[in-house]
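Colleague: File name final-v9.cif; file contents mmCIF, C-alpha atoms; full text below.
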data_start
loop_
_atom_site.label_atom_id
_atom_site.label_comp_id
_atom_site.auth_asym_id
_atom_site.auth_seq_id
_atom_site.Cartn_x
_atom_site.Cartn_y
_atom_site.Cartn_z
CA MET J 1 11.84 16.40 -14.78
CA ASP J 2 13.54 13.30 -13.39
CA LYS J 3 13.94 12.96 -9.68
CA LYS J 4 17.37 11.36 -9.86
CA VAL J 5 20.03 13.15 -7.83
CA LEU J 6 23.78 12.60 -8.09
CA VAL J 7 25.56 13.06 -4.76
CA ILE J 8 29.28 13.74 -5.09
CA ASP J 9 31.30 13.65 -1.88
CA ASP J 10 34.47 11.87 -0.80
CA SER J 11 32.95 11.19 2.64
CA ALA J 12 30.98 7.94 2.77
CA THR J 13 28.99 9.20 5.75
CA VAL J 14 27.94 12.41 3.96
CA ARG J 15 26.95 10.43 0.86
CA GLN J 16 24.92 8.10 3.02
CA GLN J 17 23.26 10.90 5.00
CA VAL J 18 22.38 12.93 1.91
CA GLY J 19 21.27 9.79 0.11
CA LEU J 20 19.01 8.68 2.95
CA ALA J 21 17.46 12.12 3.40
CA LEU J 22 16.68 12.37 -0.32
CA ALA J 23 15.59 8.75 -0.75
CA GLN J 24 13.14 9.10 2.14
CA SER J 25 11.61 12.03 0.30
CA GLY J 26 11.12 10.03 -2.87
CA PHE J 27 14.25 10.92 -4.81
CA SER J 28 16.37 8.36 -6.60
CA VAL J 29 20.00 8.80 -5.59
CA ILE J 30 23.29 7.75 -7.17
CA GLU J 31 26.73 8.50 -5.73
CA ALA J 32 30.20 9.54 -6.80
CA VAL J 33 33.34 9.77 -4.65
CA ASP J 34 35.04 12.73 -6.35
CA GLY J 35 34.80 15.11 -9.32
CA LEU J 36 36.17 12.63 -11.86
CA ASP J 37 33.76 9.96 -10.71
CA GLY J 38 30.98 12.57 -10.75
CA ILE J 39 31.56 13.36 -14.43
CA GLN J 40 31.59 9.65 -15.27
CA GLN J 41 28.34 9.06 -13.37
CA LEU J 42 26.72 12.07 -15.00
CA ASN J 43 27.67 10.83 -18.47
CA ALA J 44 26.41 7.34 -17.60
CA ASN J 45 23.15 8.69 -16.19
CA PRO J 46 21.76 11.39 -18.50
CA ASP J 47 18.48 11.37 -16.51
CA VAL J 48 20.15 12.97 -13.48
CA GLY J 49 18.14 16.07 -12.57
CA LEU J 50 20.36 17.62 -9.92
CA LEU J 51 23.85 17.47 -8.42
CA VAL J 52 24.64 17.73 -4.71
CA CYS J 53 28.34 18.39 -4.67
CA ASP J 54 31.14 18.81 -2.11
CA ILE J 55 34.07 21.10 -2.93
CA ASN J 56 37.15 19.65 -1.23
CA MET J 57 37.68 16.22 -2.77
CA PRO J 58 40.71 14.31 -4.03
CA ASN J 59 41.51 13.93 -7.77
CA MET J 60 39.10 16.65 -8.88
CA ASN J 61 37.31 19.05 -6.57
CA GLY J 62 33.67 20.05 -6.91
CA LEU J 63 34.28 23.46 -8.49
CA GLU J 64 36.67 22.04 -11.08
CA MET J 65 34.08 19.40 -11.89
CA LEU J 66 31.32 21.99 -12.42
CA GLU J 67 33.60 24.11 -14.58
CA LYS J 68 34.54 21.09 -16.69
CA ILE J 69 30.89 20.11 -17.14
CA GLN J 70 30.05 23.68 -18.11
CA ALA J 71 32.94 23.84 -20.60
CA GLU J 72 31.87 20.56 -22.22
CA LYS J 73 28.30 21.81 -22.64
CA HIS J 74 29.56 24.82 -24.65
CA GLY J 75 26.89 27.13 -23.24
CA GLY J 76 24.12 24.52 -23.40
CA SER J 77 21.86 23.77 -20.47
CA ILE J 78 23.60 22.11 -17.58
CA VAL J 79 22.31 20.10 -14.68
CA PRO J 80 21.70 22.42 -11.68
CA ALA J 81 23.91 21.89 -8.64
CA ILE J 82 23.78 22.44 -4.89
CA MET J 83 27.17 22.92 -3.26
CA LEU J 84 27.34 21.13 0.11
CA THR J 85 30.62 22.08 1.75
CA THR J 86 32.42 23.23 4.87
CA GLU J 87 33.75 26.19 2.85
CA GLY J 88 32.19 29.62 2.94
CA GLN J 89 34.49 32.06 1.12
CA PRO J 90 32.60 34.51 -1.10
CA GLU J 91 35.03 34.04 -3.99
CA LEU J 92 34.32 30.30 -3.99
CA VAL J 93 30.57 31.00 -3.89
CA ALA J 94 30.93 33.39 -6.82
CA ARG J 95 32.99 30.85 -8.76
CA ALA J 96 30.42 28.14 -8.09
CA LYS J 97 27.57 30.39 -9.21
CA LYS J 98 29.43 31.17 -12.42
CA ALA J 99 29.88 27.42 -12.98
CA GLY J 100 26.15 26.77 -12.65
CA ALA J 101 25.59 26.18 -8.92
CA LYS J 102 22.11 27.22 -7.78
CA ALA J 103 22.49 26.90 -3.99
CA TRP J 104 25.16 26.79 -1.31
CA ILE J 105 24.83 24.86 1.95
CA VAL J 106 27.46 24.90 4.67
CA LYS J 107 27.98 21.58 6.46
CA PRO J 108 26.65 20.26 8.72
CA PHE J 109 23.40 20.50 6.79
CA LYS J 110 19.81 20.28 8.01
CA ALA J 111 18.21 17.40 6.18
CA GLU J 112 14.78 19.02 5.79
CA LEU J 113 16.33 22.19 4.33
CA LEU J 114 18.45 20.18 1.92
CA VAL J 115 15.37 18.22 0.80
CA ALA J 116 13.40 21.47 0.40
CA ALA J 117 16.19 23.02 -1.72
CA VAL J 118 16.49 19.89 -3.87
CA SER J 119 12.71 19.77 -4.40
CA LYS J 120 12.61 23.46 -5.33
CA LEU J 121 15.46 23.20 -7.84
CA ILE J 122 14.18 19.96 -9.39
CA ARG J 123 10.75 21.56 -9.88
CA ALA J 124 12.31 24.68 -11.36
CA ALA J 125 14.53 22.75 -13.75
CA MET X 1 64.25 26.89 17.81
CA ASP X 2 66.87 29.57 17.78
CA PRO X 3 69.90 28.33 15.76
CA SER X 4 72.99 28.30 18.02
CA LYS X 5 75.71 27.40 15.52
CA ALA X 6 77.45 29.88 13.31
CA ASP X 7 76.38 28.03 10.15
CA GLY X 8 72.75 28.23 11.26
CA THR X 9 72.22 24.46 11.89
CA LEU X 10 70.83 23.00 15.10
CA PRO X 11 72.89 20.88 17.49
CA ILE X 12 72.65 17.04 17.27
CA ALA X 13 70.41 16.87 20.36
CA GLU X 14 67.86 19.08 18.68
CA THR X 15 68.13 17.05 15.46
CA SER X 16 67.19 13.89 17.33
CA SER X 17 64.30 15.78 18.93
CA VAL X 18 62.98 16.63 15.47
CA THR X 19 63.37 12.99 14.41
CA SER X 20 61.44 12.00 17.52
CA LEU X 21 58.77 14.55 16.64
CA ARG X 22 58.47 12.99 13.17
CA ARG X 23 57.88 9.59 14.76
CA HIS X 24 55.23 11.08 17.02
CA GLN X 25 53.66 12.79 14.05
CA GLU X 26 53.45 9.49 12.19
CA ALA X 27 51.91 7.82 15.24
CA ILE X 28 49.38 10.64 15.57
CA ALA X 29 48.55 10.40 11.87
CA HIS X 30 48.04 6.67 12.22
CA ARG X 31 45.72 7.13 15.21
CA ILE X 32 43.78 9.89 13.46
CA ARG X 33 43.17 7.67 10.44
CA ASP X 34 42.14 4.77 12.68
CA ALA X 35 39.78 7.03 14.63
CA ASN X 36 38.31 8.45 11.43
CA ALA X 37 37.85 5.00 9.96
CA MET X 38 36.21 3.76 13.15
CA THR X 39 33.81 6.70 13.52
CA GLU X 40 32.97 6.51 9.82
CA ARG X 41 32.19 2.80 10.17
CA GLU X 42 29.98 3.38 13.20
CA VAL X 43 28.17 6.35 11.71
CA LEU X 44 27.52 4.39 8.51
CA ALA X 45 26.10 1.56 10.62
CA VAL X 46 23.77 3.95 12.46
CA GLY X 47 22.71 5.47 9.13
CA GLU X 48 22.01 1.98 7.75
CA SER X 49 19.88 1.20 10.82
CA LEU X 50 17.92 4.41 10.27
CA ARG X 51 17.39 3.47 6.64
CA ARG X 52 16.05 0.06 7.66
CA ILE X 53 13.70 1.58 10.24
CA VAL X 54 12.26 3.96 7.67
CA ASP X 55 12.07 1.21 5.02
CA GLU X 56 10.22 -1.07 7.45
CA ALA X 57 7.78 1.69 8.36
CA ARG X 58 7.27 2.55 4.69
CA ALA X 59 6.74 -1.11 3.79
CA HIS X 60 4.19 -1.43 6.58
CA VAL X 61 2.24 1.62 5.43
CA GLN X 62 2.42 0.54 1.78
CA GLY X 63 1.21 -2.93 2.73
CA SER X 64 -1.75 -1.44 4.57
CA GLN X 65 -2.53 0.83 1.63
CA HIS X 66 -2.42 -2.14 -0.72
CA ALA X 67 -4.79 -4.05 1.56
CA LEU X 68 -7.18 -1.10 1.59
CA GLN X 69 -7.05 -0.84 -2.19
CA GLU X 70 -7.95 -4.51 -2.44
CA LEU X 71 -10.75 -3.97 0.03
CA ALA X 72 -11.90 -0.91 -1.86
CA SER X 73 -11.78 -2.79 -5.14
CA ALA X 74 -15.26 -3.95 -4.14
CA SER X 75 -14.41 -7.64 -3.83
CA ILE X 76 -16.58 -7.94 -0.71
CA ALA X 77 -19.26 -5.59 -2.00
CA GLU X 78 -19.39 -7.44 -5.31
CA MET X 79 -19.61 -10.76 -3.53
CA ILE X 80 -22.49 -9.52 -1.37
CA GLU X 81 -24.31 -8.11 -4.39
CA ARG X 82 -23.80 -11.34 -6.33
CA HIS X 83 -25.12 -13.51 -3.49
CA THR X 84 -28.02 -11.14 -2.87
CA ALA X 85 -29.00 -11.34 -6.52
CA LEU X 86 -28.84 -15.15 -6.40
CA ILE X 87 -30.97 -15.29 -3.25
CA THR X 88 -33.50 -12.81 -4.66
CA GLU X 89 -33.71 -14.82 -7.88
CA PHE X 90 -34.19 -18.05 -5.91
CA VAL X 91 -36.88 -16.55 -3.67
CA GLU X 92 -38.73 -15.09 -6.68
CA ALA X 93 -38.62 -18.45 -8.47
CA MET X 94 -39.86 -20.19 -5.35
CA GLN X 95 -42.70 -17.71 -4.93
CA THR X 96 -43.72 -18.21 -8.56
CA GLN X 97 -43.79 -21.97 -8.02
CA VAL X 98 -45.74 -21.61 -4.78
CA MET X 99 -48.28 -19.35 -6.45
CA ALA X 100 -48.64 -21.81 -9.33
CA GLN X 101 -49.10 -24.61 -6.81
CA SER X 102 -51.73 -22.59 -4.92
CA GLU X 103 -53.56 -21.84 -8.17
CA ALA X 104 -53.44 -25.50 -9.16
CA ALA X 105 -54.90 -26.43 -5.77
CA ARG X 106 -57.68 -23.90 -6.26
CA HIS X 107 -58.49 -25.38 -9.70
CA ALA X 108 -58.38 -28.88 -8.23
CA THR X 109 -60.86 -27.80 -5.56
CA GLU X 110 -63.22 -26.42 -8.19
CA HIS X 111 -63.00 -29.61 -10.29
CA THR X 112 -63.51 -31.75 -7.22
CA ASN X 113 -66.62 -29.76 -6.31
CA ARG X 114 -67.92 -30.42 -9.83
CA ILE X 115 -67.20 -34.12 -9.33
CA VAL X 116 -69.20 -34.00 -6.10
CA ASP X 117 -72.08 -32.31 -8.00
CA LEU X 118 -71.88 -34.94 -10.72
CA GLY X 119 -71.91 -37.60 -8.02
CA ARG X 120 -75.17 -36.16 -6.72
CA ASN X 121 -76.58 -36.30 -10.26
CA ILE X 122 -75.36 -39.88 -10.62
CA GLN X 123 -76.95 -40.68 -7.26
CA HIS X 124 -80.23 -39.25 -8.57
CA VAL X 125 -79.97 -41.29 -11.76
CA THR X 126 -79.26 -44.37 -9.66
CA MET X 127 -82.39 -43.73 -7.62
CA GLU X 128 -84.36 -43.36 -10.85
CA SER X 129 -82.88 -46.62 -12.15
CA ARG X 130 -83.87 -48.45 -8.99
CA ILE X 131 -87.40 -47.13 -9.22
CA LEU X 132 -87.52 -48.26 -12.86
CA ALA X 133 -86.24 -51.73 -11.85
CA LEU X 134 -88.89 -51.88 -9.11
CA ASN X 135 -91.62 -50.91 -11.57
CA ALA X 136 -90.35 -53.51 -14.06
CA ASN X 137 -90.53 -56.24 -11.42
CA ILE X 138 -94.06 -55.18 -10.45
CA GLN X 139 -95.12 -55.32 -14.10
CA ALA X 140 -93.45 -58.72 -14.53
CA LYS X 141 -95.35 -60.17 -11.55
CA ARG X 142 -98.62 -58.68 -12.75
CA LEU X 143 -98.28 -60.07 -16.31
CA GLY X 144 -97.03 -63.53 -15.28
CA ASP X 145 -95.27 -65.38 -18.14
CA ALA X 146 -95.97 -62.55 -20.55
CA GLY X 147 -94.05 -60.24 -18.33
CA ARG X 148 -90.91 -62.35 -18.07
CA SER X 149 -88.92 -59.88 -20.15
CA PHE X 150 -89.89 -57.12 -17.68
CA GLN X 151 -88.44 -59.24 -14.93
CA VAL X 152 -85.11 -59.56 -16.81
CA ILE X 153 -85.04 -55.81 -17.44
CA GLY X 154 -85.90 -55.14 -13.80
CA GLN X 155 -83.04 -57.34 -12.58
CA GLU X 156 -80.56 -55.79 -15.02
CA MET X 157 -81.65 -52.30 -14.05
CA LYS X 158 -81.26 -53.17 -10.37
CA GLN X 159 -77.75 -54.57 -10.88
CA PHE X 160 -76.83 -51.57 -13.00
CA SER X 161 -78.08 -49.10 -10.39
CA GLU X 162 -76.25 -50.94 -7.62
CA SER X 163 -72.96 -50.93 -9.60
CA VAL X 164 -73.31 -47.24 -10.40
CA ARG X 165 -74.20 -46.49 -6.77
CA ASP X 166 -71.10 -48.39 -5.53
CA ALA X 167 -68.83 -46.62 -8.06
CA ASN X 168 -70.36 -43.26 -7.23
CA GLU X 169 -69.85 -43.83 -3.52
CA GLY X 170 -66.12 -44.59 -4.20
CA VAL X 171 -65.77 -41.44 -6.30
CA GLN X 172 -67.58 -39.37 -3.65
CA GLU X 173 -65.29 -40.77 -0.97
CA LEU X 174 -62.21 -39.80 -3.03
CA ALA X 175 -63.65 -36.37 -3.79
CA GLU X 176 -64.35 -35.73 -0.12
CA GLY X 177 -60.76 -36.77 0.68
CA LEU X 178 -59.48 -34.36 -1.95
CA LEU X 179 -61.73 -31.56 -0.71
CA ASP X 180 -60.37 -32.15 2.74
CA ALA X 181 -56.69 -32.18 1.53
CA LEU X 182 -56.75 -29.37 -0.99
CA PRO X 183 -57.35 -26.51 1.49
CA ARG X 184 -54.47 -27.80 3.58
CA ILE X 185 -52.23 -27.78 0.48
CA ARG X 186 -53.27 -24.20 -0.25
CA THR X 187 -52.66 -23.21 3.35
CA LEU X 188 -49.22 -24.80 3.24
CA ALA X 189 -48.42 -23.03 -0.05
CA GLU X 190 -49.48 -19.70 1.42
CA ARG X 191 -47.34 -20.39 4.50
CA ILE X 192 -44.33 -21.22 2.28
CA GLN X 193 -44.90 -17.98 0.42
CA GLU X 194 -44.99 -16.02 3.68
CA VAL X 195 -41.82 -17.71 4.94
CA SER X 196 -39.98 -17.12 1.68
CA GLN X 197 -41.02 -13.47 1.64
CA GLN X 198 -39.83 -13.12 5.24
CA PHE X 199 -36.59 -14.85 4.29
CA SER X 200 -36.13 -12.40 1.41
CA ARG X 201 -36.74 -9.44 3.74
CA ASP X 202 -34.31 -10.89 6.33
CA VAL X 203 -31.59 -11.45 3.72
CA THR X 204 -32.01 -7.91 2.38
CA ALA X 205 -31.78 -6.54 5.92
CA ARG X 206 -28.67 -8.63 6.72
CA VAL X 207 -27.04 -7.61 3.45
CA SER X 208 -27.67 -3.98 4.31
CA GLU X 209 -26.13 -4.55 7.75
CA VAL X 210 -23.10 -6.26 6.16
CA ALA X 211 -22.75 -3.41 3.64
CA VAL X 212 -22.85 -0.85 6.46
CA ALA X 213 -20.34 -2.87 8.53
CA ASN X 214 -18.12 -3.19 5.45
CA ALA X 215 -18.21 0.56 4.88
CA GLN X 216 -17.42 1.17 8.57
CA LEU X 217 -14.56 -1.34 8.43
CA LYS X 218 -13.12 0.36 5.36
CA GLY X 219 -13.40 3.71 7.10
CA GLN X 220 -11.60 2.37 10.16
CA ILE X 221 -8.83 0.85 8.03
CA ALA X 222 -8.51 4.12 6.09
CA ASP X 223 -8.22 6.01 9.39
CA SER X 224 -5.64 3.52 10.59
CA ILE X 225 -3.62 3.94 7.39
CA ALA X 226 -3.86 7.71 7.64
CA ALA X 227 -2.50 7.42 11.20
CA GLY X 228 0.24 5.13 9.82
CA ASP X 229 1.09 7.74 7.19
CA SER X 230 1.33 10.37 9.86
CA ARG X 231 3.58 8.15 11.96
CA LEU X 232 5.71 7.37 8.91
CA ARG X 233 6.18 11.08 8.25
CA GLU X 234 7.21 11.49 11.89
CA ILE X 235 9.62 8.57 11.59
CA VAL X 236 11.13 10.13 8.46
CA ARG X 237 11.39 13.50 10.20
CA LEU X 238 13.07 11.97 13.25
CA SER X 239 15.43 9.92 11.12
CA GLN X 240 16.40 13.05 9.18
CA GLU X 241 16.96 14.81 12.49
CA ALA X 242 19.13 11.89 13.59
CA LEU X 243 21.02 12.09 10.28
CA SER X 244 21.66 15.76 10.94
CA HIS X 245 23.13 14.84 14.31
CA LEU X 246 25.29 12.13 12.73
CA GLN X 247 27.09 14.73 10.65
CA PHE X 248 29.57 15.34 13.45
CA GLN X 249 31.73 12.62 11.91
CA ASP X 250 32.82 14.33 8.70
CA PRO X 251 33.79 17.75 10.15
CA ILE X 252 35.66 16.04 13.00
CA ALA X 253 37.45 13.79 10.52
CA GLN X 254 38.33 16.83 8.40
CA SER X 255 39.55 18.73 11.46
CA LEU X 256 41.68 15.83 12.62
CA LEU X 257 43.20 15.49 9.15
CA ALA X 258 43.85 19.25 9.13
CA CYS X 259 45.59 18.91 12.51
CA GLU X 260 47.66 16.09 11.09
CA ARG X 261 48.64 18.25 8.11
CA GLU X 262 49.54 21.19 10.35
CA ILE X 263 51.68 19.01 12.60
CA GLY X 264 53.41 17.70 9.49
CA GLU X 265 54.02 21.22 8.25
CA VAL X 266 55.48 22.29 11.62
CA ILE X 267 57.79 19.30 11.65
CA GLU X 268 58.85 19.96 8.07
CA ARG X 269 59.83 23.46 9.03
CA ALA X 270 61.74 22.09 12.02
CA GLU X 271 63.49 19.62 9.73
CA ARG X 272 64.44 22.42 7.37
CA LEU X 273 65.89 24.35 10.32
CA VAL X 274 67.84 21.30 11.50
CA GLY X 275 69.12 20.79 7.97
CA GLY X 276 70.40 24.40 7.84
CA SER X 277 67.59 25.68 5.68
CA THR X 278 67.43 29.38 5.21
CA ALA X 279 63.71 29.27 5.45
CA THR X 280 62.12 31.73 7.82
CA PRO X 281 61.66 30.20 11.26
CA VAL X 282 58.13 29.12 12.05
CA GLU X 283 57.51 31.73 14.70
CA GLU X 284 58.71 34.45 12.37
CA GLN X 285 56.52 33.48 9.45
CA SER X 286 53.67 35.80 8.90
CA PRO X 287 50.38 33.90 9.23
CA ALA X 288 48.56 33.15 6.02
CA PRO X 289 45.72 35.57 5.44
CA GLN X 290 42.43 34.06 6.56
CA PRO X 291 39.88 34.07 3.76
CA GLU X 292 36.79 36.06 4.34
CA GLU X 293 33.99 33.73 5.44
CA LEU X 294 30.50 33.86 4.11
CA SER X 295 27.94 35.06 6.59
CA ILE X 296 25.85 31.93 6.30
CA GLU X 297 25.11 29.67 9.22
CA SER X 298 25.84 25.98 9.00
CA GLY X 299 22.91 24.04 7.60
CA ASN X 300 21.14 27.03 6.09
CA VAL X 301 20.62 27.27 2.36
CA LEU X 302 21.91 30.19 0.30
CA MET X 303 20.11 30.28 -3.04
CA LEU X 304 22.43 31.62 -5.74
#
Spit out the file's structure as C-alpha cells when you get a sec.
Modeller:
Amino acid sequence: MDKKVLVIDDSATVRQQVGLALAQSGFSVIEAVDGLDGIQQLNANPDVGLLVCDINMPNMNGLEMLEKIQAEKHGGSIVPAIMLTTEGQPELVARAKKAGAKAWIVKPFKAELLVAAVSKLIRAA
Amino acid sequence: MDPSKADGTLPIAETSSVTSLRRHQEAIAHRIRDANAMTEREVLAVGESLRRIVDEARAHVQGSQHALQELASASIAEMIERHTALITEFVEAMQTQVMAQSEAARHATEHTNRIVDLGRNIQHVTMESRILALNANIQAKRLGDAGRSFQVIGQEMKQFSESVRDANEGVQELAEGLLDALPRIRTLAERIQEVSQQFSRDVTARVSEVAVANAQLKGQIADSIAAGDSRLREIVRLSQEALSHLQFQDPIAQSLLACEREIGEVIERAERLVGGSTATPVEEQSPAPQPEELSIESGNVLML
C-alpha cells in the first residue's frame, strides 16, 4: 500500500500541521484546499492511500466530497478517510461512516494520535 | 428594539443607529480578517521553522548513517588486508632470497675449502718438483758434459715449481680471504632473515591493533548514530507537540469568523426591523436547537 496521504482542509495552518506531522513519520503528503480540489487531486494521484479531510470547507464540504467519490466508484473500493473537524454531531459521524470514513478526530488534534491512526488505516488498507 | 410607530417601523434616530452598527460590523469584520491572516502567517512561519529543524536533524542523522555505511563497506579493512598481503608477500620473497644467499655462501665455503685442500696438494707437488730439480742438478754435476741435459731439466723443473708455488700462494691467499668473508656473509644473511621475520611479526601485530581500533571506532560511531536517532525521534516528538500547540490558530479564526457572522445576522435583523419587516424580533426568536455533540474529546481518535 502506498504511503501517500491527501490532506484536504481550507486552513493553510491545518494543512501544514497535518502535513508536517505525517511527513516526519515517513508519509508522502499532498494537499487540497476544499472538496472540489480534493477530488481533482485524488483523480490526479491514483496512488493516494488515505484521505485526511475537514468537513466545513467552501465550494464543497468534506462529507459531500466523500459521498461524491463513493457515488463515482459505484460500490467499488474507495480510499479510506479520516475526518479531522471541529464538528462532533452524531448524525454527521454516521453520514461520514456511510460515505467511507474510517475515523473521526475532533480538532485540535494530537499529532501522535493522528499519525498512529493514519499508520493503522494505511496498513489495514 | 421595541417598535414605537403604529406602522411598526423604527424612528429615524434608531435607523441611523443601525446604519452605524453596520459600519462597526464591517470594521470588525475587517479587523477579524486581518487578525486571522496575521496569525495564520505567523503560525505558518513557526511550522516552517519546525519543519526545517526536523529536516536538519534528519539530514544530520542520515549523513552519519551514510558515513557509517561507507566505513562498514570495509574500505579500511580491505585496505589493511591488501597492504598486509603485500607486506607478507614481500617478506616471504625476501626470506627466500636470504635463504638462497645463505645456501650459496655455504656452498662457496665448501668449494673454497676444497680449493685450500687442492692448494696443499699443489704445494706437495711443488715440493716434489723441487726435489726432482735438485736431484737433476746433482746428477748433471756428477756426469759432467754427459749430464748437461739433466742440468736443463733441473733448471726447468725448478722454474716450474717456483711458478706453481707462486700461483698456489696467490690462490691460497684468495681462498683464505674468501673463507674469512663467507661466514660474515652468512651471518649477515641470517641477521637479515631475523630482522625480516621480526618485521613481519611487528606488521601483523600492528595490523591486528589497527583492525581492533577500526572495529572500536565503528562501534563508537554506531553508538553515536544510535544516540542521534534517539535525539531525532525526540526532536520529531517535540515538534509534533509544538504543532499540536500551534493549532490554536484555526479554531480561533473559525470562532472569530462565527462571531462576525453572528454580528452580521443581528444587524440584518435590526435592519429588517428598521425597514418595517414583519420578522420576529431578535429577542423573541426561539433559539436554534443545538445539535447533540459527540462525546469525544478534542484530539482523540474515534475509529468508525
Colleague: Which distance in Å separates atom CA of J:Leu51 and atom CA of J:Gly88, to one decimal?
Modeller: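 Computed distance, atom CA of J:Leu51 to atom CA of J:Gly88, equals 18.6 Å.
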Colleague: Excluding same-chain residues fewer than 2 positions from X:Gln151, what lies within 12 Å of it counting all atoms listed in the file, as an MDAnalysis selection string?
Modeller: chainID X and resid 132:149 153:158
Colleague: So the first atom is atom CA of J:Leu42 and the second is atom CA of J:Ser11; what is the distance between them in Å, to one decimal place?
Modeller: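 So the answer is 18.7 Å.
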Colleague: Apply the PyMOL selection byres ((chain J and resi 55) around 12) to the displayed file and report the matching residues as a ChimeraX atom specification.
Modeller: /J:7-11,33-35,38,52-54,56-66,81-89,92-93,95-96,101,104-107
Colleague: Check which residues satisfy the PyMOL selection byres ((chain J and resi 18) around 12) in the file shown, then give them as a PyMOL selection string.
Modeller: (chain J and resi 5-9+11-17+19-25+27-31+51-54+82+84+107-115+118) or (chain X and resi 44+47+51+239-240+243-244+246-247)
Colleague: What is the distance, in Å and to one decimal place, between atom CA of X:Lys218 and atom CA of X:Ala205?
Modeller: 19.9 Å
